Structure formats: structure tokens, C-alpha cells
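Enquirer: Here it is, the structure in full.
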Amino acid sequence: MKLAVDIARRLQGNGRSFDLHARFECHKDVTVVFGPSGSGKSLTLQAVAGLMRPDAGSVRLGDRVLFDSAAGVDLPARLRRVAYVFQDYALFPHLTVARNVAFPLQRWWERSLSPAVRDEVFAMLEIFEIAHLAQDYPSRLSGGQRQRVALARAMVGRPDLLLLDEPFSALDPLLRERMRHELLALRERFGVPLLVITHDPDDVATLADDIIVFRDGHVAATGATPDMVHDVETGPQIRRAVRKFLADAVARDGDAAS
């Protein structure tokens with residue numbers, strides 16, 4: 001499903017300003033948004049999800065217009081069919097795992113889960129292999145378990161697009177590698193395209209079909225990762241190639257801006 005983003009937003013505060021001008025299209029299964037902190041990556045994903053309103057521009061997903069400032073269109077987040085997994089997972093500490101996953105399906109006034117919602121939630125818990133944690137609270141979970149709960153909550157509404165903001169930054173290196181491959185398996189199982197923020201070249205090398213490089217509020221470069229990126233035997237070579245592409249993209253953009 002094609003995602004087309006063309007947005008602008010100016011942020012001001014404490015005597016400073018930041019201008020976001022993000023324009024790109026995504027056509028592949030997994031697109032990775034790479035760049036340093038403060039380059040506009042998270043703001044852009046928030047605009048796609050409906051959590052931040054741009055000053056101007058448009059966001060289109062397939063044949064649906066999610067936002068268009070000229071036409072006066074700004075779909076509420078709940079109607080966009082776009083799921084967002086935050087960097088810290090944003091689990092509700094006072095809710096059990098089952099209740100966290102059920103949250104997108106439950107109306108605020110309902111004190112208990114309907115049978116249909118309960119069945120859907122527990123089916124999702126089984127998919128993510130966390131059914132045994134259904135009555136636990138987030139404070140008792142490991143980093144990997146919290147991530148699975150966040151992903152299960154995102155997927156229970158069957159979104160058209162899944163956005164992930166630094167999904168592995170809170171995990172140790174060994175768990176990061178495992179969760180990268182679990183994320184690819186998730187995409188394969190649900191058939192949902194992913195847009196993933198990272199500043200880790202290893203995430204790019206393992207996950208990306210396409211790469212979007214951000215710098216200072218705009219897209220500095222885009223590129224396609226070779227199909228062999230998922231081949232374990234060529235992994236080190238691909239990682240070196242990805243690092244060179246990213247370094248060259250940022251350097252070229254820096255030279256152009258100077």
C-alpha cells in the first residue's frame with residue numbers, strides 16, 4: 001500500500017525554531033526512517049498517525065486522504081487505521097496485559113470485555129506468545145515482553161499501516177537481533193506494511209526494503225536495500241554497504257546545505 005507524505009510544520013519555543021519539511025513515498029513492505037535525534041523523524045510519524053497536525057501539506061495512504069490542509073481534511077487518529085508503537089511502548093501501568101491489548105477495541109464506559117473482544121484479545125496474545133502473561137501488569141514484564149504487548153495492542157485493530165518509533169532502543173543487543181526477525185515475521189503474517197524509525201544501521205541492514213534518511217527536518221536521501229539484505233551469509237557485507245550509504249547520504253546533504 002502506497003504512503004505519500006508531503007508536510008510542513010514549524011515549531012517554536014525558548015527562542016528557537018525547527019522547520020520540518022518532509023516529502024517522500026513508501027511502496028515497499030518495510031521502510032526504515034534513519035537519522036540523528038532531532039532530525040524530524042518522530043514528528044513525521046506522528047503526523048502520519050494523526051497525533052500531530054502539520055501546518056500545510058498532505059498525507060495519503062492508498063486511496064484514502066488522511067490529511068490535506070488545502071482541502072480541509074484531517075481524519076482523527078482513531079479513523080486512520082494507522083497503529084503507532086512508541087519508543088517506550090506507552091503501556092498503561094494500571095492495566096493488565098489483556099486490558100492493555102484490549103484497549104483499542106473497548107469503549108471507555110465498558111467495565112468488562114465483551115465475549116467477542118475477549119476472544120480477539122486472547123487470540124492476539126496467543127499469536128505473540130504472551131497469553132500466560134494476560135493477568136500480569138507491565139511493571140512485571142521484561143523489555144521483550146513489553147514490546148510484544150505493545151505490538152499485540154497495535155495489531156489487534158488490524159491496521160493498514162504500522163509505525164514503530166525506535167522499537168529496539170530499550171533492548172539489549174542480543175534481544176534486538178531476535179526481535180528484528182520477529183518483527184519481519186509479524187509483517188509477513190499480517191501483511192501490514194511497516195514504517196520504522198531508527199538511528200541504528202543494523203536495524204536498517206536487517207529490516208529495510210527502502211531507506212529514508214532525515215537530516216535537520218527534511219529528507220536528505222532515499223534508497224533501496226538489496227534483496228540479499230536478509231541473507232545471513234552476506235549480512236556483514238550488507239551492513240558495511242548500508243553504513244556507507246547512510247554516511248554518504250548525510251555527508252552529501254551536509255555539503256549541499258553549506
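Each chain of the C-alpha cells is named A, B, ... in the order shown, its residues numbered from 1; ligands are numbered from 1 in display order.
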Where does DSSP see helix (DSSP H, G or I) in segment 65-225 of chain A, if you list the residues as an NGL selection string?
Expert: :A and (77-79 or 97-105 or 115-127 or 131-133 or 138-140 or 143-155 or 173-190 or 201-207)
Enquirer: Would you mind listing what lies within 8 Å of segment 24-36 of chain A as a compact mmCIF listing (two decimals) with C-alpha atoms, in the first residue's frame, with only C-alpha atoms counted and same-chain residues fewer than 3 positions away left out?
Expert:
# COMPACT_ATOMS: atom_id res chain seq x y z
CA MET A 1 0.00 0.00 0.00
CA LYS A 2 1.41 3.36 -1.02
CA LEU A 3 2.02 6.03 1.62
CA ALA A 4 2.59 9.55 0.29
CA VAL A 5 3.75 12.24 2.72
CA ASP A 6 4.28 15.91 1.88
CA SER A 39 16.02 15.46 12.69
CA LYS A 41 11.64 11.51 12.23
CA ARG A 187 4.88 -8.26 8.86
CA VAL A 192 0.84 -4.96 7.06
CA PRO A 193 3.47 -2.50 5.76
CA LEU A 194 5.90 -1.11 8.35
CA LEU A 195 7.43 2.34 8.71
CA VAL A 196 10.22 2.10 11.27
CA ILE A 197 12.29 4.87 12.86
CA THR A 198 15.84 4.06 13.92
CA HIS A 199 19.31 5.52 14.29
CA ASP A 200 20.92 2.05 14.30
CA VAL A 204 18.42 -0.71 8.52
CA LEU A 207 14.77 -4.72 8.13
CA ALA A 208 14.72 -2.22 5.30
CA ASP A 209 13.41 -2.65 1.80
CA ASP A 210 13.62 1.12 1.39
CA ILE A 211 15.58 3.71 3.37
CA ILE A 212 14.63 7.34 4.05
CA VAL A 213 17.39 9.46 5.57
CA PHE A 214 16.38 12.52 7.60
CA ARG A 215 18.62 15.47 8.43
CA VAL A 219 14.62 14.15 3.70
Enquirer: Set the distance at 12 Å and use only C-alpha atoms: which residues neighbour Ala123 of chain A once local chain neighbours fewer than 5 positions away are removed? I'd like the list as a list in words.
Expert: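 The filter keeps Ala98, Val101, Ala102, Ala116, Val117, Arg118, Phe128, Glu129, Ile130, Ala131, Ala134, Ala152, Arg153, Met155 and Val156 of chain A.
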Enquirer: Could the residues in this selection be saved with N, CA and C atoms as a short mmCIF file (atom, residue, chain, number, x, y, z; two decimals), in the first residue's frame?
Expert:
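Listing of selection_35.cif after writing:
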data_model
loop_
_atom_site.label_atom_id
_atom_site.label_comp_id
_atom_site.auth_asym_id
_atom_site.auth_seq_id
_atom_site.Cartn_x
_atom_site.Cartn_y
_atom_site.Cartn_z
N ALA A 98 -3.80 -8.17 29.28
CA ALA A 98 -5.01 -8.38 28.49
C ALA A 98 -5.77 -7.07 28.27
N VAL A 101 -3.95 -4.78 25.74
CA VAL A 101 -4.17 -5.21 24.36
C VAL A 101 -5.61 -4.92 23.93
N ALA A 102 -6.55 -5.01 24.86
CA ALA A 102 -7.96 -4.78 24.53
C ALA A 102 -8.30 -3.31 24.36
N ALA A 116 -16.81 -11.17 22.40
CA ALA A 116 -16.13 -11.03 21.11
C ALA A 116 -14.77 -10.37 21.27
N VAL A 117 -14.71 -9.30 22.09
CA VAL A 117 -13.43 -8.63 22.32
C VAL A 117 -12.48 -9.55 23.07
N ARG A 118 -12.98 -10.26 24.06
CA ARG A 118 -12.13 -11.18 24.81
C ARG A 118 -11.51 -12.23 23.89
N PHE A 128 1.30 -13.71 19.81
CA PHE A 128 2.54 -13.12 20.30
C PHE A 128 3.17 -13.90 21.45
N GLU A 129 2.58 -15.07 21.75
CA GLU A 129 3.12 -15.97 22.78
C GLU A 129 3.23 -15.31 24.14
N ILE A 130 2.19 -14.53 24.50
CA ILE A 130 2.16 -13.88 25.80
C ILE A 130 0.84 -14.15 26.53
N ALA A 131 0.11 -15.19 26.12
CA ALA A 131 -1.17 -15.49 26.77
C ALA A 131 -0.98 -15.80 28.25
N ALA A 134 -1.37 -12.74 30.61
CA ALA A 134 -2.60 -11.95 30.44
C ALA A 134 -2.97 -11.15 31.68
N ALA A 152 1.10 -6.38 20.10
CA ALA A 152 -0.21 -7.02 20.10
C ALA A 152 -1.32 -5.98 20.18
N ARG A 153 -1.13 -4.96 21.00
CA ARG A 153 -2.13 -3.89 21.10
C ARG A 153 -2.25 -3.13 19.78
N MET A 155 -1.68 -4.33 16.78
CA MET A 155 -2.20 -5.17 15.70
C MET A 155 -3.63 -5.65 15.93
N VAL A 156 -4.14 -5.53 17.16
CA VAL A 156 -5.47 -6.08 17.44
C VAL A 156 -6.55 -5.37 16.64
#
Enquirer: What lies within 8 Å of Asp136 of chain A using only C-alpha atoms, ignoring chain neighbours under 3 positions off, as a PyMOL selection string?
Expert: chain A and resi 96-97+133+140-141
Enquirer: Write the residues you've just listed into a file as a compact mmCIF listing (two decimals), in the first residue's frame, and include C-alpha atoms for each of them.
Expert:
# COMPACT_ATOMS: atom_id res chain seq x y z
CA THR A 96 -3.16 -5.90 32.91
CA VAL A 97 -1.60 -7.22 29.73
CA LEU A 133 1.03 -13.05 30.94
CA ARG A 140 6.46 -7.25 35.97
CA LEU A 141 7.43 -7.71 32.31
Enquirer: Compile the contact shell of Phe67 of chain A as a PyMOL selection string: residues with an atom at most 9 Å away, counting only C-alpha atoms, same-chain residues fewer than 2 positions apart removed.
Expert: chain A and resi 47-48+50+53-54+57-60+65+69+71-75
Enquirer: Using only C-alpha atoms, tabulate the residues of segment 21-124 of chain A lying at most 12 Å from any atom of segment 171-181 of chain A, each with its closest atom pair and that distance in Å to one decimal, by chain and increasing residue number, as CSV.
Expert:
residue,atom,partner,partner_atom,distance
A:Val30,CA,A:Arg180,CA,11.7
A:Gln87,CA,A:Leu171,CA,10.9
A:Asp88,CA,A:Leu171,CA,10.7
A:Tyr89,CA,A:Leu171,CA,11.9
Enquirer: Quick one: write out the picked residues with C-alpha atoms as a tab-separated table (two decimals), in the first residue's frame?
Expert:
chain	number	residue	atom	x	y	z
A	30	VAL	CA	9.33	-2.26	5.26
A	87	GLN	CA	9.66	4.14	21.78
A	88	ASP	CA	8.80	3.48	25.45
A	89	TYR	CA	5.82	1.29	24.38
Enquirer: Among segment 14-256 of chain A, which residues carry a DSSP assignment of strand (DSSP E), reported as a ChimeraX atom specification?
Expert: /A:16-26,30-34,56-61,64-68,73-74,82-85,161-165,194-198,210-215,218-224
Enquirer: Looking at A:Gly13, A:Pro93, A:Pro104, A:Gly38, which one is nearest to Val121 of chain A, with distances taken over only C-alpha atoms?
Expert: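 Among the listed residues, A:Pro104 lies closest to Val121 of chain A.
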Enquirer: So, with only C-alpha atoms as the atoms that count, which of A:Ser37, A:Gly217, A:Leu95, A:Ser112 lies closest to Arg10 of chain A?
Expert: A:Gly217
Enquirer: Counting only C-alpha atoms, which residue out of A:Tyr84, A:Phe103, A:Tyr137, A:Phe18 sits closest to Glu120 of chain A?
Expert: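 Using only C-alpha atoms, the shortest distance to Glu120 of chain A belongs to A:Phe103.
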Enquirer: For atom CA of Pro159 of chain A and atom CA of Leu20 of chain A, determine how far apart the two atoms are, in Å to one decimal place.
Expert: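 Computing the Euclidean distance for atom CA of Pro159 of chain A and atom CA of Leu20 of chain A yields 26.2 Å.
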